[in-house]
file target.csv (CSV, C-alpha atoms)
chain,number,residue,atom,x,y,z
E,1,MET,CA,-38.0,-6.0,-44.7
E,2,PRO,CA,-40.8,-3.9,-43.1
E,3,LEU,CA,-44.2,-5.4,-42.8
E,4,GLU,CA,-46.5,-4.1,-45.5
E,5,LEU,CA,-50.3,-4.7,-45.0
E,6,ASN,CA,-51.0,-5.5,-48.6
E,7,PRO,CA,-53.8,-7.8,-49.6
E,8,PHE,CA,-53.1,-11.4,-50.5
E,9,SER,CA,-52.6,-12.3,-54.2
E,10,PRO,CA,-55.0,-15.0,-55.5
E,11,ASP,CA,-52.2,-17.5,-55.4
E,12,GLU,CA,-51.7,-17.0,-51.7
E,13,LEU,CA,-55.3,-17.8,-50.8
E,14,SER,CA,-56.5,-21.3,-49.8
E,15,GLU,CA,-59.0,-23.1,-52.1
E,16,PRO,CA,-62.1,-22.2,-50.0
E,17,LEU,CA,-61.0,-18.5,-49.9
E,18,LYS,CA,-60.4,-18.4,-53.7
E,19,LYS,CA,-64.1,-19.3,-54.2
E,20,ILE,CA,-65.2,-16.5,-51.8
E,21,LEU,CA,-62.6,-13.8,-52.5
E,22,GLY,CA,-61.4,-14.6,-56.0
E,23,PRO,CA,-62.0,-12.2,-58.9
E,24,GLY,CA,-65.1,-14.1,-60.1
E,25,ALA,CA,-66.7,-14.5,-56.6
E,26,PRO,CA,-70.3,-13.2,-56.4
E,27,PRO,CA,-70.7,-9.9,-54.4
E,28,ALA,CA,-73.3,-11.6,-52.1
E,29,ILE,CA,-70.7,-14.3,-51.1
E,30,LYS,CA,-68.2,-11.5,-50.3
E,31,THR,CA,-70.7,-9.7,-48.2
E,32,MET,CA,-71.5,-12.9,-46.2
E,33,ALA,CA,-67.8,-13.4,-45.6
E,34,ALA,CA,-67.4,-9.7,-44.5
E,35,ARG,CA,-70.2,-10.3,-41.9
E,36,GLY,CA,-68.5,-13.5,-40.7
E,37,LEU,CA,-71.3,-15.7,-42.0
E,38,ALA,CA,-69.4,-17.7,-44.7
E,39,PRO,CA,-68.7,-21.4,-43.8
E,40,LEU,CA,-65.0,-20.9,-43.0
E,41,GLY,CA,-62.7,-22.3,-40.4
E,42,PRO,CA,-61.0,-19.9,-37.9
E,43,HIS,CA,-57.8,-19.5,-40.1
E,44,ASP,CA,-59.7,-18.7,-43.3
E,45,LEU,CA,-62.2,-16.5,-41.5
E,46,ALA,CA,-59.5,-14.3,-40.0
E,47,THR,CA,-57.7,-14.2,-43.4
E,48,ALA,CA,-60.9,-13.3,-45.2
E,49,LEU,CA,-61.7,-10.4,-42.8
E,50,PHE,CA,-58.2,-9.0,-43.3
E,51,GLN,CA,-58.5,-9.3,-47.1
E,52,LEU,CA,-61.9,-7.7,-47.2
E,53,SER,CA,-60.9,-4.9,-44.9
E,54,LEU,CA,-58.7,-3.8,-47.8
E,55,ASP,CA,-61.3,-4.1,-50.4
E,56,ALA,CA,-61.8,-1.3,-52.9
E,57,ASP,CA,-65.5,-1.2,-51.9
E,58,GLU,CA,-65.3,1.0,-48.8
E,59,THR,CA,-68.7,-0.2,-47.5
E,60,LEU,CA,-67.6,-3.8,-47.7
E,61,ALA,CA,-64.3,-3.0,-46.1
E,62,ALA,CA,-66.1,-1.2,-43.2
E,63,VAL,CA,-68.3,-4.2,-42.6
E,64,ALA,CA,-65.3,-6.6,-42.5
E,65,GLN,CA,-63.5,-4.3,-40.0
E,66,LYS,CA,-66.6,-4.1,-37.8
E,67,THR,CA,-66.9,-7.9,-37.9
E,68,ALA,CA,-63.2,-8.3,-37.0
E,69,ALA,CA,-63.6,-5.9,-34.0
E,70,GLY,CA,-66.6,-7.8,-32.7
E,71,LEU,CA,-65.7,-11.5,-33.2
E,72,PRO,CA,-67.0,-13.7,-30.4
E,73,GLU,CA,-64.2,-14.6,-27.9
E,74,ARG,CA,-64.2,-18.3,-28.7
E,75,VAL,CA,-63.9,-17.6,-32.5
E,76,LEU,CA,-61.2,-15.1,-32.0
E,77,GLN,CA,-59.3,-17.3,-29.6
E,78,ALA,CA,-59.4,-20.2,-32.1
E,79,ALA,CA,-58.3,-17.9,-35.0
E,80,LEU,CA,-55.3,-16.4,-33.1
E,81,ALA,CA,-54.1,-19.9,-32.2
E,82,GLU,CA,-53.6,-20.6,-35.9
E,83,ALA,CA,-50.4,-20.1,-37.9
E,84,LEU,CA,-51.8,-16.9,-39.4
E,85,ASP,CA,-49.9,-14.7,-41.8
E,86,ALA,CA,-48.1,-11.8,-40.1
E,87,ARG,CA,-50.3,-9.3,-41.9
E,88,VAL,CA,-53.4,-10.9,-40.5
E,89,LEU,CA,-52.0,-11.0,-37.0
E,90,HIS,CA,-51.1,-7.3,-37.2
E,91,PHE,CA,-54.6,-6.5,-38.5
E,92,PHE,CA,-56.2,-8.1,-35.4
E,93,ALA,CA,-53.6,-6.5,-33.0
E,94,ARG,CA,-55.4,-3.2,-33.5
E,95,TYR,CA,-58.6,-4.7,-32.2
E,96,VAL,CA,-57.2,-6.6,-29.2
E,97,HIS,CA,-54.5,-4.4,-27.7
E,98,GLN,CA,-56.7,-3.8,-24.6
E,99,ARG,CA,-57.6,-7.5,-24.2
E,100,PRO,CA,-54.7,-9.1,-22.4
E,101,GLN,CA,-55.5,-12.7,-23.2
E,102,PHE,CA,-55.5,-12.0,-27.0
E,103,VAL,CA,-52.4,-9.9,-26.8
E,104,GLU,CA,-50.6,-12.8,-25.2
E,105,GLN,CA,-51.8,-15.1,-28.0
E,106,ILE,CA,-50.4,-12.8,-30.7
E,107,VAL,CA,-47.1,-12.2,-28.8
E,108,TYR,CA,-46.5,-15.9,-28.5
E,109,ASN,CA,-47.6,-16.7,-32.1
E,110,ARG,CA,-44.4,-17.6,-34.1
E,111,ASN,CA,-45.6,-15.7,-37.1
E,112,THR,CA,-46.1,-12.4,-35.4
E,113,ALA,CA,-44.0,-9.6,-37.0
E,114,ASP,CA,-41.6,-7.3,-35.1
E,115,GLU,CA,-43.8,-4.4,-36.2
E,116,THR,CA,-46.7,-5.9,-34.3
E,117,PHE,CA,-44.5,-6.1,-31.1
E,118,ALA,CA,-43.6,-2.4,-31.6
E,119,TYR,CA,-47.3,-1.5,-32.0
E,120,PHE,CA,-48.3,-3.4,-28.8
E,121,ALA,CA,-45.4,-1.7,-27.0
E,122,THR,CA,-47.1,1.6,-27.6
E,123,GLN,CA,-50.5,0.5,-26.5
E,124,CYS,CA,-50.3,-2.1,-23.7
E,125,THR,CA,-49.9,-2.0,-20.0
E,126,GLU,CA,-47.3,-3.5,-17.6
E,127,ARG,CA,-48.0,-7.2,-17.8
E,128,GLU,CA,-48.1,-7.4,-21.6
E,129,LEU,CA,-45.1,-5.0,-21.9
E,130,GLU,CA,-43.1,-7.4,-19.8
E,131,MET,CA,-43.8,-10.2,-22.2
E,132,ILE,CA,-42.8,-8.0,-25.1
E,133,ALA,CA,-39.6,-6.9,-23.4
E,134,ALA,CA,-38.7,-10.6,-22.7
E,135,ALA,CA,-38.2,-11.1,-26.5
E,136,GLU,CA,-34.6,-9.8,-26.4
E,137,GLU,CA,-33.6,-11.1,-29.8
E,138,ARG,CA,-36.5,-9.2,-31.3
E,139,CYS,CA,-35.6,-6.0,-29.4
E,140,LEU,CA,-32.1,-6.1,-30.7
E,141,ARG,CA,-33.2,-6.9,-34.3
E,142,CYS,CA,-35.9,-4.2,-34.2
E,143,PRO,CA,-34.9,-1.3,-31.8
E,144,THR,CA,-38.2,0.3,-32.5
E,145,ILE,CA,-39.7,-2.1,-30.0
E,146,VAL,CA,-37.3,-0.7,-27.3
E,147,GLU,CA,-38.1,2.8,-28.4
E,148,ALA,CA,-41.8,2.2,-28.0
E,149,LEU,CA,-41.4,0.6,-24.6
E,150,TYR,CA,-39.2,3.6,-23.4
E,151,PHE,CA,-41.9,6.1,-24.3
E,152,ASN,CA,-44.7,4.1,-22.7
E,153,ASP,CA,-44.7,5.2,-19.1
E,154,GLN,CA,-46.5,1.9,-18.2
E,155,ALA,CA,-43.2,0.0,-18.7
E,156,ARG,CA,-41.2,-0.7,-15.6
E,157,GLN,CA,-38.1,1.4,-15.2
E,158,SER,CA,-36.0,-1.7,-14.4
E,159,THR,CA,-37.1,-3.3,-17.6
E,160,ILE,CA,-36.1,-0.1,-19.6
E,161,ASP,CA,-32.7,-0.1,-17.9
E,162,ARG,CA,-32.2,-3.7,-18.8
E,163,LEU,CA,-33.0,-3.2,-22.4
E,164,ILE,CA,-30.9,-0.1,-22.8
E,165,ASP,CA,-28.0,-2.0,-21.2
E,166,LEU,CA,-28.7,-4.9,-23.6
E,167,CYS,CA,-28.6,-2.6,-26.6
E,168,VAL,CA,-25.4,-0.9,-25.6
E,169,ARG,CA,-23.6,-4.2,-24.9
E,170,ASN,CA,-24.7,-5.3,-28.4
E,171,GLY,CA,-23.7,-2.1,-30.2
E,172,VAL,CA,-27.3,-1.1,-30.9
E,173,MET,CA,-27.9,2.7,-30.7
E,174,ILE,CA,-31.4,4.1,-30.7
E,175,ASP,CA,-31.2,7.7,-32.0
E,176,ARG,CA,-35.0,8.3,-31.8
E,177,ILE,CA,-34.7,8.1,-28.0
E,178,PRO,CA,-33.6,11.7,-27.5
E,179,ALA,CA,-31.6,10.9,-24.3
E,180,PHE,CA,-30.4,7.4,-25.3
E,181,LYS,CA,-26.7,8.2,-24.9
E,182,GLU,CA,-27.3,10.0,-21.6
E,183,ALA,CA,-29.4,7.1,-20.3
E,184,ALA,CA,-26.7,4.6,-21.4
E,185,ALA,CA,-24.0,6.7,-19.7
E,186,ALA,CA,-26.0,6.9,-16.5
E,187,LEU,CA,-26.3,3.2,-16.4
E,188,ALA,CA,-22.6,2.8,-17.0
E,189,LEU,CA,-21.9,4.8,-13.9
E,190,GLY,CA,-23.6,2.2,-11.8
E,191,ALA,CA,-21.4,-0.4,-10.3
E,192,ALA,CA,-22.9,-3.8,-9.6
E,193,ALA,CA,-26.3,-4.8,-11.1
E,194,PRO,CA,-29.1,-3.8,-8.7
E,195,SER,CA,-30.8,-6.5,-6.7
E,196,LEU,CA,-34.4,-7.5,-7.4
E,197,ALA,CA,-35.5,-5.5,-4.3
E,198,GLU,CA,-33.6,-2.4,-5.5
E,199,GLN,CA,-35.2,-2.8,-9.0
E,200,GLU,CA,-38.7,-3.1,-7.5
E,201,ALA,CA,-38.1,-0.1,-5.3
E,202,GLU,CA,-37.0,2.1,-8.3
E,203,ASP,CA,-40.0,0.8,-10.3
E,204,ASP,CA,-42.3,2.0,-7.4
E,205,LEU,CA,-40.6,5.3,-7.2
E,206,PHE,CA,-40.9,5.9,-11.0
E,207,ARG,CA,-44.6,5.0,-10.9
E,208,GLU,CA,-45.2,7.3,-7.9
E,209,ALA,CA,-43.3,10.1,-9.7
E,210,VAL,CA,-45.3,9.7,-12.9
E,211,ASP,CA,-48.6,9.7,-11.1
E,212,ALA,CA,-47.7,12.5,-8.8
E,213,GLY,CA,-46.7,14.8,-11.7
E,214,ARG,CA,-49.7,14.3,-14.0
E,215,GLU,CA,-51.5,17.5,-15.0
E,216,GLU,CA,-54.7,16.5,-13.4
E,217,VAL,CA,-52.9,15.9,-10.1
E,218,VAL,CA,-50.7,19.0,-9.9
E,219,GLY,CA,-53.3,21.3,-11.6
E,220,VAL,CA,-50.9,22.8,-14.1
E,221,ASP,CA,-50.3,22.4,-17.9
E,222,ALA,CA,-47.6,23.4,-20.3
E,223,SER,CA,-48.5,27.1,-20.0
E,224,THR,CA,-48.2,27.3,-16.2
E,225,ALA,CA,-45.9,24.4,-15.1
E,226,ASP,CA,-42.6,26.3,-15.2
E,227,GLU,CA,-44.0,29.3,-13.4
E,228,THR,CA,-45.5,27.1,-10.8
E,229,VAL,CA,-42.3,25.1,-10.1
E,230,ALA,CA,-40.2,28.3,-10.0
E,231,LYS,CA,-42.6,29.7,-7.4
E,232,ILE,CA,-42.6,26.5,-5.3
E,233,ILE,CA,-38.8,26.2,-5.1
E,234,GLY,CA,-38.3,30.0,-4.7
E,235,GLU,CA,-36.3,30.5,-7.8
E,236,GLY,CA,-35.2,34.0,-8.9
E,237,GLY,CA,-37.5,36.9,-8.2
E,238,GLU,CA,-40.0,34.7,-6.4
E,239,GLY,CA,-37.5,34.8,-3.5
E,240,ALA,CA,-37.1,32.8,-0.3
E,241,GLN,CA,-40.2,34.3,1.2
E,242,ALA,CA,-42.4,32.7,-1.4
E,243,ALA,CA,-40.7,29.4,-1.0
E,244,LYS,CA,-41.1,29.6,2.8
E,245,GLU,CA,-44.8,30.4,2.4
E,246,GLU,CA,-45.2,27.4,0.1
E,247,GLU,CA,-43.3,25.1,2.4
E,248,GLU,CA,-45.6,25.9,5.3
E,249,LYS,CA,-48.5,24.6,3.2
E,250,VAL,CA,-49.3,20.9,2.7
E,251,ASP,CA,-48.8,21.4,-1.1
E,252,PRO,CA,-49.1,18.1,-3.1
E,253,ARG,CA,-47.0,19.8,-5.8
E,254,ARG,CA,-44.1,20.2,-3.4
E,255,MET,CA,-44.4,16.6,-2.5
E,256,SER,CA,-44.4,15.7,-6.2
E,257,ILE,CA,-41.2,17.6,-6.7
E,258,GLU,CA,-39.6,15.7,-3.8
E,259,LYS,CA,-40.7,12.4,-5.3
E,260,ILE,CA,-39.1,13.4,-8.7
E,261,ARG,CA,-35.9,14.4,-7.0
E,262,GLU,CA,-35.5,11.1,-5.3
E,263,LEU,CA,-35.2,9.2,-8.5
E,264,LYS,CA,-31.9,7.7,-9.7
E,265,LEU,CA,-30.1,9.3,-12.7
E,266,SER,CA,-31.4,7.0,-15.5
E,267,THR,CA,-34.9,7.2,-14.2
E,268,LYS,CA,-34.8,11.0,-14.1
E,269,ILE,CA,-33.6,11.0,-17.7
E,270,ARG,CA,-36.5,8.8,-18.8
E,271,LEU,CA,-39.1,10.8,-16.8
E,272,ALA,CA,-37.7,14.0,-18.3
E,273,THR,CA,-38.2,12.5,-21.7
E,274,VAL,CA,-41.7,11.0,-21.3
E,275,GLY,CA,-43.2,12.9,-18.5
E,276,SER,CA,-45.6,15.9,-18.3
E,277,ALA,CA,-44.7,19.6,-18.4
E,278,PHE,CA,-44.5,19.6,-14.6
E,279,HIS,CA,-41.9,16.8,-14.7
E,280,ARG,CA,-39.9,18.7,-17.3
E,281,ALA,CA,-40.1,22.0,-15.3
E,282,VAL,CA,-38.6,20.2,-12.3
E,283,LEU,CA,-36.0,18.1,-14.1
E,284,ILE,CA,-34.7,20.9,-16.4
E,285,ARG,CA,-33.5,22.5,-13.2
E,286,ASP,CA,-31.6,19.3,-12.1
E,287,SER,CA,-28.0,19.8,-11.2
E,288,ASN,CA,-27.0,17.0,-13.6
E,289,LYS,CA,-26.8,18.4,-17.1
E,290,GLN,CA,-27.8,15.0,-18.7
E,291,VAL,CA,-31.1,15.2,-16.9
E,292,ALA,CA,-31.6,18.9,-17.8
E,293,LEU,CA,-30.8,18.2,-21.5
E,294,ALA,CA,-33.2,15.2,-21.5
E,295,ALA,CA,-36.0,17.6,-20.5
E,296,VAL,CA,-35.3,20.1,-23.2
E,297,LYS,CA,-35.0,17.4,-25.8
E,298,SER,CA,-38.3,15.8,-24.8
E,299,PRO,CA,-40.7,15.2,-27.8
E,300,GLY,CA,-43.5,16.6,-25.6
E,301,ILE,CA,-42.0,20.0,-24.9
E,302,SER,CA,-44.2,22.9,-26.0
E,303,ASP,CA,-43.4,26.2,-27.5
E,304,MET,CA,-44.6,28.0,-24.4
E,305,GLU,CA,-42.1,25.9,-22.3
E,306,VAL,CA,-39.2,26.8,-24.6
E,307,VAL,CA,-40.1,30.5,-24.4
E,308,ARG,CA,-39.9,30.3,-20.6
E,309,TYR,CA,-36.7,28.2,-20.5
E,310,ALA,CA,-35.0,30.5,-23.0
E,311,SER,CA,-35.2,33.4,-20.5
E,312,ASN,CA,-34.3,31.4,-17.4
E,313,ARG,CA,-30.8,32.5,-16.2
E,314,ALA,CA,-30.7,29.8,-13.6
E,315,LEU,CA,-30.7,26.9,-16.0
E,316,ASN,CA,-27.6,25.0,-17.0
E,317,GLU,CA,-25.7,26.7,-19.8
E,318,ASP,CA,-25.9,23.5,-21.9
E,319,VAL,CA,-29.7,23.8,-21.9
E,320,ILE,CA,-29.6,27.4,-23.2
E,321,ARG,CA,-27.0,26.4,-25.8
E,322,TYR,CA,-29.2,23.6,-27.0
E,323,ILE,CA,-32.2,25.9,-27.4
E,324,ALA,CA,-30.0,28.5,-29.2
E,325,ASN,CA,-28.8,25.9,-31.7
E,326,HIS,CA,-32.2,24.3,-32.3
E,327,ARG,CA,-33.8,25.6,-35.6
E,328,GLU,CA,-37.3,24.8,-34.7
E,329,PHE,CA,-37.1,26.7,-31.4
E,330,LEU,CA,-35.6,29.7,-33.1
E,331,LYS,CA,-38.6,30.1,-35.4
E,332,SER,CA,-40.2,31.9,-32.4
E,333,TYR,CA,-39.4,35.6,-32.1
E,334,GLN,CA,-40.0,35.5,-28.4
E,335,VAL,CA,-37.4,32.7,-28.0
E,336,LYS,CA,-34.8,34.7,-30.0
E,337,LEU,CA,-35.5,37.8,-27.9
E,338,ASN,CA,-35.3,35.8,-24.6
E,339,LEU,CA,-32.0,34.2,-25.6
E,340,VAL,CA,-30.4,37.5,-26.5
E,341,ASN,CA,-31.4,38.9,-23.1
E,342,ASN,CA,-30.1,35.7,-21.3
E,343,PRO,CA,-26.4,36.1,-20.3
E,344,LYS,CA,-26.0,32.4,-20.5
E,345,CYS,CA,-26.6,32.4,-24.3
E,346,PRO,CA,-23.3,32.1,-26.1
E,347,LEU,CA,-22.2,35.6,-27.2
E,348,PRO,CA,-21.7,34.6,-31.0
E,349,THR,CA,-25.3,33.3,-31.0
E,350,SER,CA,-26.7,36.4,-29.3
E,351,MET,CA,-24.8,38.7,-31.8
E,352,ARG,CA,-26.3,36.7,-34.7
E,353,LEU,CA,-29.8,37.0,-33.3
E,354,LEU,CA,-29.6,40.7,-32.9
E,355,THR,CA,-30.3,41.2,-36.6
E,356,TYR,CA,-33.8,39.7,-36.1
E,357,LEU,CA,-34.8,42.0,-33.2
E,358,ARG,CA,-37.4,44.8,-33.6
E,359,GLU,CA,-36.3,48.4,-33.1
E,360,GLY,CA,-38.0,48.7,-29.7
E,361,ASP,CA,-36.3,45.6,-28.4
E,362,LEU,CA,-33.0,46.7,-29.7
E,363,LYS,CA,-33.3,50.0,-27.9
E,364,ALA,CA,-34.1,48.2,-24.6
E,365,LEU,CA,-31.1,45.9,-25.1
E,366,SER,CA,-28.7,48.8,-25.9
E,367,ARG,CA,-29.6,50.2,-22.4
E,368,SER,CA,-29.6,46.9,-20.5
E,369,LYS,CA,-27.1,46.4,-17.7
E,370,SER,CA,-27.7,42.7,-17.5
E,371,VAL,CA,-26.1,41.7,-20.8
E,372,SER,CA,-22.5,42.1,-21.9
E,373,ALA,CA,-21.2,45.5,-22.9
E,374,THR,CA,-20.3,44.1,-26.3
E,375,LEU,CA,-23.8,42.9,-27.0
E,376,ALA,CA,-25.4,46.2,-25.8
E,377,GLY,CA,-22.9,48.2,-27.8
E,378,THR,CA,-23.6,46.2,-31.0
E,379,ALA,CA,-27.3,46.7,-30.5
E,380,LYS,CA,-26.7,50.5,-30.3
E,381,LYS,CA,-24.6,50.4,-33.5
E,382,ILE,CA,-27.4,48.6,-35.4
E,383,LEU,CA,-29.8,51.3,-34.3
E,384,GLN,CA,-27.5,54.0,-35.4
E,385,GLN,CA,-27.1,52.4,-38.8
E,386,LYS,CA,-30.9,52.1,-39.2
E,387,ALA,CA,-31.2,55.8,-38.3
E,388,LYS,CA,-29.0,56.9,-41.2

call {"tool": "encode", "arguments": {"input": "target.csv", "output": "structure tokens"}}
result
Amino acid sequence: MPLELNPFSPDELSEPLKKILGPGAPPAIKTMAARGLAPLGPHDLATALFQLSLDADETLAAVAQKTAAGLPERVLQAALAEALDARVLHFFARYVHQRPQFVEQIVYNRNTADETFAYFATQCTERELEMIAAAEERCLRCPTIVEALYFNDQARQSTIDRLIDLCVRNGVMIDRIPAFKEAAAALALGAAAPSLAEQEAEDDLFREAVDAGREEVVGVDASTADETVAKIIGEGGEGAQAAKEEEEKVDPRRMSIEKIRELKLSTKIRLATVGSAFHRAVLIRDSNKQVALAAVKSPGISDMEVVRYASNRALNEDVIRYIANHREFLKSYQVKLNLVNNPKCPLPTSMRLLTYLREGDLKALSRSKSVSATLAGTAKKILQQKAK
């Protein structure tokens, strides 16, 4: 049953709390409790702040939230060591996710809910993420935790590989990881389990690749990443000369591309899913279609990227087919136009999309030598019918 952050009923409160928070409690007493000034032990203080944070009086609720966020360390430490209700622990998780010592207390508290683990998995850094990932029974029971870890690029790649393998072996599929099946298949291709040294090496490579491809490092964003990568690698019209000129420079972006290409299959798939536009621009061109598909399925992909990819004739046919079958992508007129002009787009799809094209684009298509004669001929027929 999902965790619901509902206030406690009067019957659930301890006797001291009933006097302070009960229906007949004086407003002044409630205000004192909200400020942390009521004579309460750590357990009841934490519970009172949670309860008051949900009070119908918004001012009182705001005071309680501010007090919870600013509790002295010794008070907070004492409170989190108590057998608090899962709701209270989740409430405080929002205030301590950047304070490792308190994250650890909540993670190791027996009353902590799976949802709190999943929340921490989206917020924390490597050390705390390792503690969360070690709770394998929770991860199997609540795959949302694994999902959150996967999308947090602070999590070690070796840990993600282990968890995906654990899920697969236990029949747990995670549909909300776009490339879960691909990542599972990539791991299945591996023979023996990697040694500790090999895991650490891959973790280092993943971290280097993530850092090397960040927008502030490579100086590109979603609107320019694909064009930049195409130029660096000398794709299409940019030609070999452009690639040679770039190669002669000490270009950190070229070095970034090389770091990304060095990764193993499952790591590339994850980076394509959680990385930046630059990472996607590199990996959508990967020779392995699982990697390329992971890039186009990434939750972070922008409309501008899709427009570029829809027109790229060098990409894997499966990528173009995926774009052509994705309803959200096809809401863009430019995507439809680019697909029709891309020979790798399945002919039935291109024929269907013709009906959406403007007259000027149909005229250009009817004269095009780069599309199939069938498509050009159909465009010409549509123009003739419109002229009648």

call {"tool": "residues_around", "arguments": {"input": "target.csv", "residues": "stretch 132-144 of chain E", "least_positions_apart": "5", "cutoff": "8 Å", "atoms": "all atoms listed in the file", "output": "list in words"}}
result
Val107, Asp114, Phe117, Ala118, Ala121, Leu149, Thr159, Leu163, Leu166, Cys167, Asn170, Val172 and Ile174 of chain E

call {"tool": "write_last_selection", "arguments": {"input": "target.csv", "atoms": "C-alpha atoms", "output": "mmCIF file, in the frame of the given file"}}
result
data_model
loop_
_atom_site.group_PDB
_atom_site.id
_atom_site.type_symbol
_atom_site.label_atom_id
_atom_site.label_comp_id
_atom_site.auth_asym_id
_atom_site.auth_seq_id
_atom_site.Cartn_x
_atom_site.Cartn_y
_atom_site.Cartn_z
ATOM 1 C CA VAL E 107 -47.100 -12.200 -28.800
ATOM 2 C CA ASP E 114 -41.600 -7.300 -35.100
ATOM 3 C CA PHE E 117 -44.500 -6.100 -31.100
ATOM 4 C CA ALA E 118 -43.600 -2.400 -31.600
ATOM 5 C CA ALA E 121 -45.400 -1.700 -27.000
ATOM 6 C CA LEU E 149 -41.400 0.600 -24.600
ATOM 7 C CA THR E 159 -37.100 -3.300 -17.600
ATOM 8 C CA LEU E 163 -33.000 -3.200 -22.400
ATOM 9 C CA LEU E 166 -28.700 -4.900 -23.600
ATOM 10 C CA CYS E 167 -28.600 -2.600 -26.600
ATOM 11 C CA ASN E 170 -24.700 -5.300 -28.400
ATOM 12 C CA VAL E 172 -27.300 -1.100 -30.900
ATOM 13 C CA ILE E 174 -31.400 4.100 -30.700
#

call {"tool": "residues_around", "arguments": {"input": "target.csv", "residues": "stretch 352-365 of chain E", "least_positions_apart": "2", "cutoff": "12 Å", "atoms": "all atoms listed in the file", "output": "ChimeraX atom specification"}}
result
/E:324-325,330-343,345-350,367-387

call {"tool": "residues_near_point", "arguments": {"input": "target.csv", "point": "(-35.7, 16.7, -23.3)", "cutoff": "8 Å", "atoms": "all atoms listed in the file", "output": "MDAnalysis selection string"}}
result
chainID E and resid 178:179 272:273 280 292:299 301

call {"tool": "atom_distance", "arguments": {"input": "target.csv", "atom1": "atom CA of E:Pro42", "atom2": "atom CA of E:Ala64"}}
result
14.7 Å

call {"tool": "closest_residue", "arguments": {"input": "target.csv", "among": "E:Val282, E:Lys289, E:Asp175, E:Glu4", "to": "E:Glu235", "atoms": "all atoms listed in the file"}}
result
E:Val282

call {"tool": "residues_near_point", "arguments": {"input": "target.csv", "point": "(-43.4, 5.6, -10.5)", "cutoff": "12 Å", "atoms": "all atoms listed in the file", "output": "number ranges by chain"}}
result
E: 153-158, 199-214, 256, 259-260, 262-264, 267-268, 270-271, 275

call {"tool": "write_last_selection", "arguments": {"input": "target.csv", "atoms": "C-alpha atoms", "output": "PDB file, keeping the file's coordinate frame"}}
result
ATOM      1  CA  ASP E 153     -44.700   5.200 -19.100  1.00  0.00           C
ATOM      2  CA  GLN E 154     -46.500   1.900 -18.200  1.00  0.00           C
ATOM      3  CA  ALA E 155     -43.200   0.000 -18.700  1.00  0.00           C
ATOM      4  CA  ARG E 156     -41.200  -0.700 -15.600  1.00  0.00           C
ATOM      5  CA  GLN E 157     -38.100   1.400 -15.200  1.00  0.00           C
ATOM      6  CA  SER E 158     -36.000  -1.700 -14.400  1.00  0.00           C
ATOM      7  CA  GLN E 199     -35.200  -2.800  -9.000  1.00  0.00           C
ATOM      8  CA  GLU E 200     -38.700  -3.100  -7.500  1.00  0.00           C
ATOM      9  CA  ALA E 201     -38.100  -0.100  -5.300  1.00  0.00           C
ATOM     10  CA  GLU E 202     -37.000   2.100  -8.300  1.00  0.00           C
ATOM     11  CA  ASP E 203     -40.000   0.800 -10.300  1.00  0.00           C
ATOM     12  CA  ASP E 204     -42.300   2.000  -7.400  1.00  0.00           C
ATOM     13  CA  LEU E 205     -40.600   5.300  -7.200  1.00  0.00           C
ATOM     14  CA  PHE E 206     -40.900   5.900 -11.000  1.00  0.00           C
ATOM     15  CA  ARG E 207     -44.600   5.000 -10.900  1.00  0.00           C
ATOM     16  CA  GLU E 208     -45.200   7.300  -7.900  1.00  0.00           C
ATOM     17  CA  ALA E 209     -43.300  10.100  -9.700  1.00  0.00           C
ATOM     18  CA  VAL E 210     -45.300   9.700 -12.900  1.00  0.00           C
ATOM     19  CA  ASP E 211     -48.600   9.700 -11.100  1.00  0.00           C
ATOM     20  CA  ALA E 212     -47.700  12.500  -8.800  1.00  0.00           C
ATOM     21  CA  GLY E 213     -46.700  14.800 -11.700  1.00  0.00           C
ATOM     22  CA  ARG E 214     -49.700  14.300 -14.000  1.00  0.00           C
ATOM     23  CA  SER E 256     -44.400  15.700  -6.200  1.00  0.00           C
ATOM     24  CA  LYS E 259     -40.700  12.400  -5.300  1.00  0.00           C
ATOM     25  CA  ILE E 260     -39.100  13.400  -8.700  1.00  0.00           C
ATOM     26  CA  GLU E 262     -35.500  11.100  -5.300  1.00  0.00           C
ATOM     27  CA  LEU E 263     -35.200   9.200  -8.500  1.00  0.00           C
ATOM     28  CA  LYS E 264     -31.900   7.700  -9.700  1.00  0.00           C
ATOM     29  CA  THR E 267     -34.900   7.200 -14.200  1.00  0.00           C
ATOM     30  CA  LYS E 268     -34.800  11.000 -14.100  1.00  0.00           C
ATOM     31  CA  ARG E 270     -36.500   8.800 -18.800  1.00  0.00           C
ATOM     32  CA  LEU E 271     -39.100  10.800 -16.800  1.00  0.00           C
ATOM     33  CA  GLY E 275     -43.200  12.900 -18.500  1.00  0.00           C
TER      34      GLY E 275
END

call {"tool": "atom_distance", "arguments": {"input": "target.csv", "atom1": "atom CA of E:Ala83", "atom2": "atom CA of E:Asn152"}}
result
29.1 Å

call {"tool": "atom_distance", "arguments": {"input": "target.csv", "atom1": "atom CA of E:Ala148", "atom2": "atom CA of E:Phe278"}}
result
22.1 Å
